[in-house]
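Some notes on the structure that comes next.
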Amino acid sequence: MTTKTAPAIGEQEISDSYIYLLGRLAITRQQQLDFQSGFKWNELVHQTPGGVDWPNPNLDVAYSEAWVAVDENCYLLVTVPKIEGRYFTVQFMNGWGETLANINERIFSDKPYGQFAVCYTGSHVPIPDGAQRIDVLVKFSRVLLRVELGANWDDAVALQKQFKFEAIGTPKQLPEIPKTVMFDIEKPPAVEAFDFATLALDTEADINPGMETVAANARAIAEAVKDPAERARVDKIIRDRGLKDYAKGAHFLGHGTMENHWVRPKICGKYEDDWLARTCISMGGIWANTLHEVLYYKGREDSNGELLNSDNHYTLTFPKDDLAAKYAKYFWSAIAVDAGHMRVLPNPKNRFLLNNQSDLVYGDDGSLTLHFAPEKPADVN
């Protein structure tokens, strides 16, 4: 009697499953860092405006953050202050970086402030009269609260601190934080990522239809790499192909489009079955929101197609009839970050962005030119 040997998993399946899994590991990595820094379930942490110690910081807003736990017996009561003429949103995301809900005046035009009861879908918890119920599909979620800083940061901070979280009831069980592989964003793990695949996938189901095959392949690879020979083969495929496929995807933010050397993602915040975009965006700028809330553009090349270099002087020009303000209801900004860790570029002036609150000088023709250089050019205001 002969025993049939399962066919080796193909190179493309290994590359795809690796990139898919990397997106989940980016979230578990951040979750571990958050709780190591003092986060507690259902407690809102107000960050100091102007902080730059995280990937792709948005320096236009005051941030507050939280990890939230709800279930059949409890919910989160969110109090939103009255805010007029200033951007804000309370964004809930799952453990894959998928946006579950936003609380703001665009989504809830009839009730832009007051109390909101964030409940686990299908639960029958009693909520206060007048509170807006919001159902989320998962028991555990990540929250990112943004309040536009505007011209008066003190007003923004005062509003930021008026947002309140209150857990009503107690979850049956709080999860343990998944102890998955820790890594430098610029140097993702290789085959060792699959040592944590089962843990990563078991602790957060992927709610998106269309991910079943790539998820099943990730589990199969996790089992296969227990064999030393297969482990060596998978590791080589990841290094020779998977990391290159990921780098190519990251350049275009998944399946994004490039125009005038600026990349715009095709999808963001809610990724449907696009695991490539989800991983690339989470690795490059974790907790991205949906394209209904914000437009993201990434520029890594100059007009000649050469990679940007911080030693050079670059200009970014908006014609009079096509200024950034034309497309931004609340604010716009251009932030310079390094290409590896997506952190702001240190400089003597500690100036990391130019935005609608900057002291802008327009050209005689009404155009706007922004300058990015290691030293201020002599002919620039």
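How things are named: the first chain in the structure tokens is A, the next is B, and so on; residues count from 1 in each chain; ligands count from 1 in the order shown.
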Enumerate the residues of segment 106-207 of chain A with a DSSP assignment of strand (DSSP E or B), computed from the backbone, and present them as an MDAnalysis selection string.
chainID A and resid 114:120 132:136 140:148 164:168 184 187
Please provide as a ChimeraX atom specification all residues within 8 Å of segment 282-297 of chain A, with the sequence filter that same-chain residues fewer than 2 positions apart are discarded (counting only C-alpha atoms).
/A:23,26-27,55-56,91,93,97,99,144,185,250,262-265,267-270,278-280,299,341-342
Coordinates-based distance that separates atom CA of Gln47 of chain A from atom CA of Met182 of chain A (Å, one decimal)
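Those two atoms sit 23.5 Å apart.
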Closest contacts (segment 201-262 of chain A/segment 304-317 of chain A, max 12 Å, only C-alpha atoms) as JSON lines:
{"residue": "A:His251", "atom": "CA", "partner": "A:Leu307", "partner_atom": "CA", "distance": 11.3}
{"residue": "A:Met258", "atom": "CA", "partner": "A:Gly305", "partner_atom": "CA", "distance": 11.3}
{"residue": "A:Glu259", "atom": "CA", "partner": "A:Gly305", "partner_atom": "CA", "distance": 11.3}
{"residue": "A:Asn260", "atom": "CA", "partner": "A:Gly305", "partner_atom": "CA", "distance": 9.2}
{"residue": "A:His261", "atom": "CA", "partner": "A:Gly305", "partner_atom": "CA", "distance": 6.9}
{"residue": "A:Trp262", "atom": "CA", "partner": "A:Gly305", "partner_atom": "CA", "distance": 10.3}
Selected residues written out with all heavy atoms, as a short mmCIF file (atom, residue, chain, number, x, y, z; two decimals), in the first residue's frame:
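Full text of selection_29.cif as output:
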data_model
loop_
_atom_site.label_atom_id
_atom_site.label_comp_id
_atom_site.auth_asym_id
_atom_site.auth_seq_id
_atom_site.Cartn_x
_atom_site.Cartn_y
_atom_site.Cartn_z
N HIS A 251 4.10 49.85 -3.54
CA HIS A 251 4.37 51.02 -4.37
C HIS A 251 3.08 51.62 -4.92
O HIS A 251 2.94 52.85 -5.03
CB HIS A 251 5.30 50.64 -5.52
CG HIS A 251 5.77 51.80 -6.35
ND1 HIS A 251 6.65 52.73 -5.88
CD2 HIS A 251 5.44 52.19 -7.60
CE1 HIS A 251 6.88 53.65 -6.82
NE2 HIS A 251 6.14 53.35 -7.87
N MET A 258 -1.61 55.48 -10.75
CA MET A 258 -0.62 56.55 -10.68
C MET A 258 -0.89 57.57 -11.78
O MET A 258 -1.11 57.21 -12.93
CB MET A 258 0.80 56.00 -10.81
CG MET A 258 1.88 57.08 -10.79
SD MET A 258 3.56 56.45 -10.94
CE MET A 258 3.80 55.71 -9.34
N GLU A 259 -0.88 58.84 -11.38
CA GLU A 259 -1.01 59.93 -12.35
C GLU A 259 -0.09 61.05 -11.91
O GLU A 259 -0.09 61.44 -10.73
CB GLU A 259 -2.45 60.42 -12.42
CG GLU A 259 -2.67 61.46 -13.51
CD GLU A 259 -4.14 61.80 -13.69
OE1 GLU A 259 -5.00 61.05 -13.21
OE2 GLU A 259 -4.42 62.85 -14.31
N ASN A 260 0.71 61.54 -12.83
CA ASN A 260 1.70 62.56 -12.52
C ASN A 260 2.60 62.14 -11.35
O ASN A 260 3.01 62.94 -10.53
CB ASN A 260 1.03 63.90 -12.18
CG ASN A 260 0.32 64.49 -13.37
OD1 ASN A 260 0.73 64.30 -14.52
ND2 ASN A 260 -0.77 65.19 -13.12
N HIS A 261 2.86 60.82 -11.30
CA HIS A 261 3.75 60.21 -10.29
C HIS A 261 3.17 60.25 -8.88
O HIS A 261 3.89 60.05 -7.91
CB HIS A 261 5.14 60.87 -10.33
CG HIS A 261 5.80 60.77 -11.67
ND1 HIS A 261 6.41 59.62 -12.12
CD2 HIS A 261 5.91 61.67 -12.68
CE1 HIS A 261 6.88 59.82 -13.34
NE2 HIS A 261 6.59 61.05 -13.70
N TRP A 262 1.87 60.46 -8.77
CA TRP A 262 1.18 60.36 -7.49
C TRP A 262 0.26 59.15 -7.54
O TRP A 262 -0.48 58.95 -8.50
CB TRP A 262 0.36 61.63 -7.22
CG TRP A 262 1.20 62.80 -6.83
CD1 TRP A 262 1.81 63.70 -7.67
CD2 TRP A 262 1.56 63.19 -5.50
NE1 TRP A 262 2.51 64.62 -6.95
CE2 TRP A 262 2.38 64.35 -5.61
CE3 TRP A 262 1.26 62.70 -4.23
CZ2 TRP A 262 2.90 65.00 -4.50
CZ3 TRP A 262 1.77 63.33 -3.11
CH2 TRP A 262 2.59 64.48 -3.26
#
Got a sec: who's within 12 Å of segment 118-121 of chain A, counting only C-alpha atoms, leaving out chain neighbours fewer than 6 positions off, as an MDAnalysis selection string?
chainID A and resid 42 68:79 90:92 100:103 127:128 131:141 143 165:169 171
As a ChimeraX atom specification, which residues of segment 111-291 of chain A does DSSP assign to alpha helix (DSSP H)?
/A:153-160,197-202,212-224,228-237,243-251,275-284
I want to know what sits within 12 Å of Ala156 of chain A, based on only C-alpha atoms, with residues of the same chain fewer than 5 positions away left out; could you give that as number ranges by chain?
A: 46, 48-49, 60-64, 81, 83-88, 146-151, 161-163
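Counting from atom CA of Pro57 of chain A, the distance to atom CA of Leu353 of chain A is 10.0 Å.
Using only C-alpha atoms, the shortest contact distance between Lys349 of chain A and any of A:Trp41, A:Val361, A:Glu375, A:Gln31 is found at A:Glu375.
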Near Glu11 of chain A, within 12 Å and counting only C-alpha atoms, which residues show up once chain neighbours fewer than 2 positions away are dropped, as an MDAnalysis selection string?
chainID A and resid 8:9 13:18 217 221 230 233:242 245
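Taking atom CA of Thr213 of chain A and atom CA of Pro228 of chain A as the two end points, the separation is 24.6 Å.
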Nearest to Thr28 of chain A among A:Gly51, A:Pro112, A:Pro178, A:Gly130, with distances taken over only C-alpha atoms: which residue is it?
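Using only C-alpha atoms, the shortest distance to Thr28 of chain A belongs to A:Pro178.
Once Arg219 of chain A and its same-chain neighbours fewer than 6 positions away are set aside, Ser17, Leu21, Phe194, Asp195, Phe196, Ala197, Thr198, Leu199, Leu201 and Thr213 of chain A remain within 10 Å of it when counting only C-alpha atoms.
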Write the selection just made, keeping C-alpha atoms, as a compact mmCIF listing (two decimals), in the first residue's frame?
# COMPACT_ATOMS: atom_id res chain seq x y z
CA SER A 17 -0.96 33.89 1.59
CA LEU A 21 -1.23 37.08 6.67
CA PHE A 194 3.47 31.31 9.44
CA ASP A 195 4.50 30.16 12.93
CA PHE A 196 1.79 32.56 14.15
CA ALA A 197 -0.76 32.07 11.38
CA THR A 198 -3.11 29.82 13.34
CA LEU A 199 -3.08 32.17 16.35
CA LEU A 201 -6.45 33.74 12.21
CA THR A 213 -9.21 30.49 -0.14
Residue contacts of Pro188 of chain A (9 Å, only C-alpha atoms) excluding same-chain residues fewer than 5 positions away, as a list in words:
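In the requested form, the answer reads Leu22, Phe183, Ala193 and Leu243 of chain A.
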Restrict the selected residues to N, CA, C and O atoms and save them as a PDB file, in the first residue's frame.
ATOM      1  N   LEU A  22       0.386  38.880   6.505  1.00  0.00           N
ATOM      2  CA  LEU A  22       1.152  40.027   6.981  1.00  0.00           C
ATOM      3  C   LEU A  22       0.231  41.174   7.401  1.00  0.00           C
ATOM      4  O   LEU A  22       0.522  41.901   8.359  1.00  0.00           O
ATOM      5  N   PHE A 183       8.118  42.784  14.758  1.00  0.00           N
ATOM      6  CA  PHE A 183       9.053  43.028  13.667  1.00  0.00           C
ATOM      7  C   PHE A 183       9.121  44.509  13.364  1.00  0.00           C
ATOM      8  O   PHE A 183       8.241  45.292  13.760  1.00  0.00           O
ATOM      9  N   ALA A 193       6.510  34.170   9.921  1.00  0.00           N
ATOM     10  CA  ALA A 193       5.144  34.698   9.976  1.00  0.00           C
ATOM     11  C   ALA A 193       4.136  33.560  10.099  1.00  0.00           C
ATOM     12  O   ALA A 193       3.128  33.678  10.815  1.00  0.00           O
ATOM     13  N   LEU A 243       8.310  38.848  -0.790  1.00  0.00           N
ATOM     14  CA  LEU A 243       8.687  40.201  -0.390  1.00  0.00           C
ATOM     15  C   LEU A 243       8.728  41.141  -1.589  1.00  0.00           C
ATOM     16  O   LEU A 243       8.417  42.333  -1.463  1.00  0.00           O
TER      17      LEU A 243
END
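If you measure from each of A:Leu59, A:Leu25, A:Ala117, A:Ala205 to Trp153 of chain A using only C-alpha atoms, the closest one turns out to be A:Leu59.
Using only C-alpha atoms for every distance, the candidate list A:Ser367, A:Thr203, A:Gln160, A:Asn356 yields A:Ser367 as the residue closest to Phe318 of chain A.
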Counting only C-alpha atoms, figure out which residue out of A:Leu159, A:Ala222, A:Ile335, A:Ala190 gets nearest to Tyr113 of chain A.
A:Leu159
